[in-house]
Each structure stands twice: as C-alpha cells, then as structure tokens.
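Peer 1: First, the structure itself, so that you have it in front of you.
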Amino acid sequence: MGRVRRVLRKPAVIGVLVAGMLVVAAGLVWFQPWKLWVNETVRESVPAATGVARPGGGTDGLRTLATGELISHEHHTSGSVRILQLPDGSRVLRLEHLDTSNGPDVKVLLSDAPVKPGEDGWHVFDDGAHRSLGSLKGNKGDQNYVVPADVDLSRYTSVSIWCDRFDVSFGATALKPV
C-alpha cells in the first residue's frame, strides 16, 4: 500500500489523473449518455382554429397543407407530421404520436433533401437548403413548431428529426402536399 501512495504523490501521476477526469467530464457533457434512458413526453393540443364549429367536430379555418409518416434512420422513429395553416395564415408543423430516442441537441428540420431509407438517408438533411424549427421539445408525444412566415414550403420537401451534435437524422419523412 505504501508503494501505491508514493506513486500517487508524484506530480506526473496527479497530472495524468486530473487530465483523465477532465476528459471523462467533457465526454459526459458532449455525449449526454443519460438521455438514452430519459424520455420526455410532450402533449400539446392541435392549435385552435377560431372558425365556426362543423357537425362532426371539425372547425372551419384550420387547413392541412402537407402530411408525412416518419421512418427510422439512426434511431427507431415513428409518428406522423402535418403542416397546418391556421385561420390567420400562420403555419405550424405538428408532430403526432412521435416516438424516437432522446439525445443531445436534437432539432426539427425542414429540408430539401430526399428521404432515403437506411444509412443512405442518415446524413443528407443539412447538405442543401434546410431550416431549423427549433429544438425537439420531447422525444415522445404530440408537439407543435411554428413555421416562420418567410419559409417557402414549396422549397422544402422533407422533415427530419435531426441530431445537430452528431450530424445524423434520427428519422424523417417526405412531405406530401394535400
């Protein structure tokens, strides 16, 4: 035991141990591995339309502009996407029944990239024109993201759940105009 204490008192050994602890701490901050076991569920309702109620429960004024079903890329991902236009002309991208992995720095991207299944589709969504709608609010549930007024939806043909930290798509869908 005395031999171990003598070795641990040397400045070089102390420096290596401190450097090692700093590398481990930086790795934990960068990768955030605990997010693999933490789910964040969001339950936002469909944005309210201020139109007149119709028989059958719908309202006038809320229009679906495009839809899509998410496919898995780097992580298992499922759910649907709708782009809605509200009566005032504003638009919202809505994720419904989203189920994906949590991760660091995950965004919702509109992109002009084609949706490709498998590994071919993992890294393409930030190559061309793309627009972030913000950080993913949760990896499960229903959530809304404002589509800025200056976004030309005819230019963006897909949506990706995008990990900006590792430049990889968790899942994506092609947008089909309605």
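Just remember, in the structure tokens the first chain shown is A, the second B, etc., residues are 1-based per chain, and ligands are 1-based in the order shown.
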Assign secondary structure with DSSP using the backbone only, and return the residues of segment 57-160 of chain A in strand (DSSP E) as a ChimeraX atom specification.
Peer 2: /A:63-69,71-72,78-85,91-99,106-111,130-135,140-147,158-160
Peer 1: Ranking A:Pro148, A:Leu70, A:Lys137, A:Gln85 by minimum distance to Ser160 of chain A and counting only C-alpha atoms, which one comes first?
Peer 2: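 Going through A:Pro148, A:Leu70, A:Lys137, A:Gln85 one by one, the smallest distance to Ser160 of chain A is for A:Leu70.
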Peer 1: When you look at Leu84 of chain A with a cut-off of 12 Å (counting only C-alpha atoms), what residues show up, excluding the ones that are within fewer than 4 positions of it in the same chain? I need them as a list in words.
Peer 2: Val46, Pro47, Ala48, Ala49, Gly61, Leu62, Arg63, Thr64, Leu65, Ala66, Thr67, Asp88, Gly89, Ser90, Arg91, Val92, Leu93, Arg94, Leu95, Asn144, Tyr145, Val146, Val147, Leu153, Pro177 and Val178 of chain A
Peer 1: Please provide as a list in words all residues within 12 Å of Asp152 of chain A, with the sequence filter that same-chain residues fewer than 2 positions apart are discarded (counting only C-alpha atoms).
Peer 2: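 These residues fall inside the cut-off: Arg91, Leu110, Ser111, Asp112, Ala129, His130, Arg131, Val147, Pro148, Ala149, Asp150, Ser154, Arg155, Tyr156 and Thr157 of chain A.
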Peer 1: Grab the residues selected above and save them as a tab-separated table (two decimals), in the first residue's frame with N, CA, C and O atoms.
Peer 2:
chain	number	residue	atom	x	y	z
A	91	ARG	N	-48.56	29.25	-39.95
A	91	ARG	CA	-48.43	27.80	-40.18
A	91	ARG	C	-47.69	27.15	-39.03
A	91	ARG	O	-46.82	27.76	-38.40
A	110	LEU	N	-36.75	21.38	-41.49
A	110	LEU	CA	-37.34	21.32	-42.82
A	110	LEU	C	-36.16	21.27	-43.78
A	110	LEU	O	-35.17	21.97	-43.58
A	111	SER	N	-36.24	20.44	-44.81
A	111	SER	CA	-35.10	20.27	-45.72
A	111	SER	C	-35.59	20.05	-47.15
A	111	SER	O	-36.72	19.66	-47.38
A	112	ASP	N	-34.67	20.30	-48.09
A	112	ASP	CA	-34.97	19.99	-49.49
A	112	ASP	C	-34.42	18.62	-49.89
A	112	ASP	O	-34.51	18.22	-51.04
A	129	ALA	N	-30.58	23.08	-48.87
A	129	ALA	CA	-31.41	24.06	-48.16
A	129	ALA	C	-32.10	23.37	-46.98
A	129	ALA	O	-32.68	22.29	-47.13
A	130	HIS	N	-31.99	23.96	-45.83
A	130	HIS	CA	-32.68	23.44	-44.65
A	130	HIS	C	-32.95	24.58	-43.68
A	130	HIS	O	-32.31	25.61	-43.73
A	131	ARG	N	-33.94	24.36	-42.84
A	131	ARG	CA	-34.34	25.38	-41.88
A	131	ARG	C	-34.72	24.69	-40.58
A	131	ARG	O	-35.59	23.81	-40.57
A	147	VAL	N	-43.88	27.53	-38.12
A	147	VAL	CA	-43.16	27.66	-39.39
A	147	VAL	C	-43.12	29.16	-39.70
A	147	VAL	O	-44.17	29.77	-39.90
A	148	PRO	N	-41.93	29.77	-39.71
A	148	PRO	CA	-41.85	31.21	-39.95
A	148	PRO	C	-42.51	31.62	-41.26
A	148	PRO	O	-42.51	30.86	-42.24
A	149	ALA	N	-43.05	32.82	-41.29
A	149	ALA	CA	-43.78	33.32	-42.45
A	149	ALA	C	-42.91	33.39	-43.70
A	149	ALA	O	-43.41	33.24	-44.82
A	150	ASP	N	-41.60	33.58	-43.54
A	150	ASP	CA	-40.72	33.70	-44.71
A	150	ASP	C	-40.29	32.36	-45.29
A	150	ASP	O	-39.56	32.32	-46.28
A	154	SER	N	-42.83	25.29	-50.66
A	154	SER	CA	-42.60	24.58	-51.91
A	154	SER	C	-41.11	24.24	-52.09
A	154	SER	O	-40.76	23.37	-52.86
A	155	ARG	N	-40.26	24.91	-51.34
A	155	ARG	CA	-38.81	24.68	-51.41
A	155	ARG	C	-38.36	23.51	-50.52
A	155	ARG	O	-37.34	22.90	-50.77
A	156	TYR	N	-39.12	23.23	-49.47
A	156	TYR	CA	-38.75	22.19	-48.50
A	156	TYR	C	-39.67	20.98	-48.68
A	156	TYR	O	-40.88	21.11	-48.56
A	157	THR	N	-39.08	19.84	-48.94
A	157	THR	CA	-39.86	18.65	-49.29
A	157	THR	C	-39.81	17.55	-48.22
A	157	THR	O	-40.40	16.50	-48.40
Peer 1: Of the candidates A:His123, A:Lys140, A:Arg43, A:Lys107, which shows the shortest atom-to-atom distance to Ser78 of chain A, using only C-alpha atoms?
Peer 2: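 Of the candidates, the smallest distance to Ser78 of chain A is held by A:Lys140.
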Peer 1: Calculate how many Å separate atom CA of Pro104 of chain A from atom CA of Cys163 of chain A, rounding to one decimal.
Peer 2: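 Atom CA of Pro104 of chain A sits 6.9 Å away from atom CA of Cys163 of chain A.
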Peer 1: Between A:Asn39, A:Ser45, A:Ser72, A:Asn102, which residue has the minimum interatomic distance to Ser135 of chain A, considering only C-alpha atoms?
Peer 2: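 Once distances to Ser135 of chain A are computed over only C-alpha atoms, the minimum belongs to A:Asn102.
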Peer 1: Can you work out the spacing between atom CA of Lys176 of chain A and atom CA of Gly128 of chain A in Å, to one decimal?
Peer 2: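 Between atom CA of Lys176 of chain A and atom CA of Gly128 of chain A the gap works out to 19.2 Å.
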Peer 1: So how many Å separate atom CA of Trp162 of chain A and atom CA of Leu109 of chain A, to one decimal?
Peer 2: 6.5 Å
Peer 1: Please determine, counting only C-alpha atoms, which residue among A:Leu136, A:Ile83, A:Val106, A:Ala113 has the shortest atom-to-atom distance to Val168 of chain A.
Peer 2: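 When distances to Val168 of chain A are compared using only C-alpha atoms, the smallest one comes from A:Val106.
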Peer 1: Would you kindly return, as an MDAnalysis selection string, each protein, DNA or RNA residue with an atom no farther than 6 Å from any atom of Phe170 of chain A, considering only C-alpha atoms and excluding same-chain residues fewer than 2 positions away?
Peer 2: chainID A and resid 73:75 161:162
Peer 1: For the selection just defined, write its residues with N, CA, C and O atoms to a file, as an mmCIF file, in the first residue's frame.
Peer 2:
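Dumped to result-v5.cif:
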data_model
loop_
_atom_site.group_PDB
_atom_site.id
_atom_site.type_symbol
_atom_site.label_atom_id
_atom_site.label_comp_id
_atom_site.auth_asym_id
_atom_site.auth_seq_id
_atom_site.Cartn_x
_atom_site.Cartn_y
_atom_site.Cartn_z
ATOM 1 N N HIS A 73 -34.145 6.261 -39.037
ATOM 2 C CA HIS A 73 -32.799 6.364 -39.561
ATOM 3 C C HIS A 73 -31.846 5.854 -38.483
ATOM 4 O O HIS A 73 -31.875 4.666 -38.173
ATOM 5 N N GLU A 74 -31.046 6.707 -37.892
ATOM 6 C CA GLU A 74 -30.068 6.292 -36.884
ATOM 7 C C GLU A 74 -30.737 5.653 -35.663
ATOM 8 O O GLU A 74 -30.195 4.748 -35.062
ATOM 9 N N HIS A 75 -31.913 6.135 -35.281
ATOM 10 C CA HIS A 75 -32.651 5.598 -34.131
ATOM 11 C C HIS A 75 -34.069 5.255 -34.579
ATOM 12 O O HIS A 75 -34.601 5.881 -35.493
ATOM 13 N N ILE A 161 -35.977 14.633 -37.921
ATOM 14 C CA ILE A 161 -35.644 14.769 -36.510
ATOM 15 C C ILE A 161 -34.130 14.627 -36.497
ATOM 16 O O ILE A 161 -33.598 13.522 -36.702
ATOM 17 N N TRP A 162 -33.424 15.732 -36.328
ATOM 18 C CA TRP A 162 -32.006 15.854 -36.647
ATOM 19 C C TRP A 162 -31.168 16.093 -35.394
ATOM 20 O O TRP A 162 -31.428 17.026 -34.633
#
Peer 1: Pick out the closest residue to Gly79 of chain A from this set: A:Glu119, A:Glu40, A:Asp164, A:Glu96. Count only C-alpha atoms.
Peer 2: A:Glu96
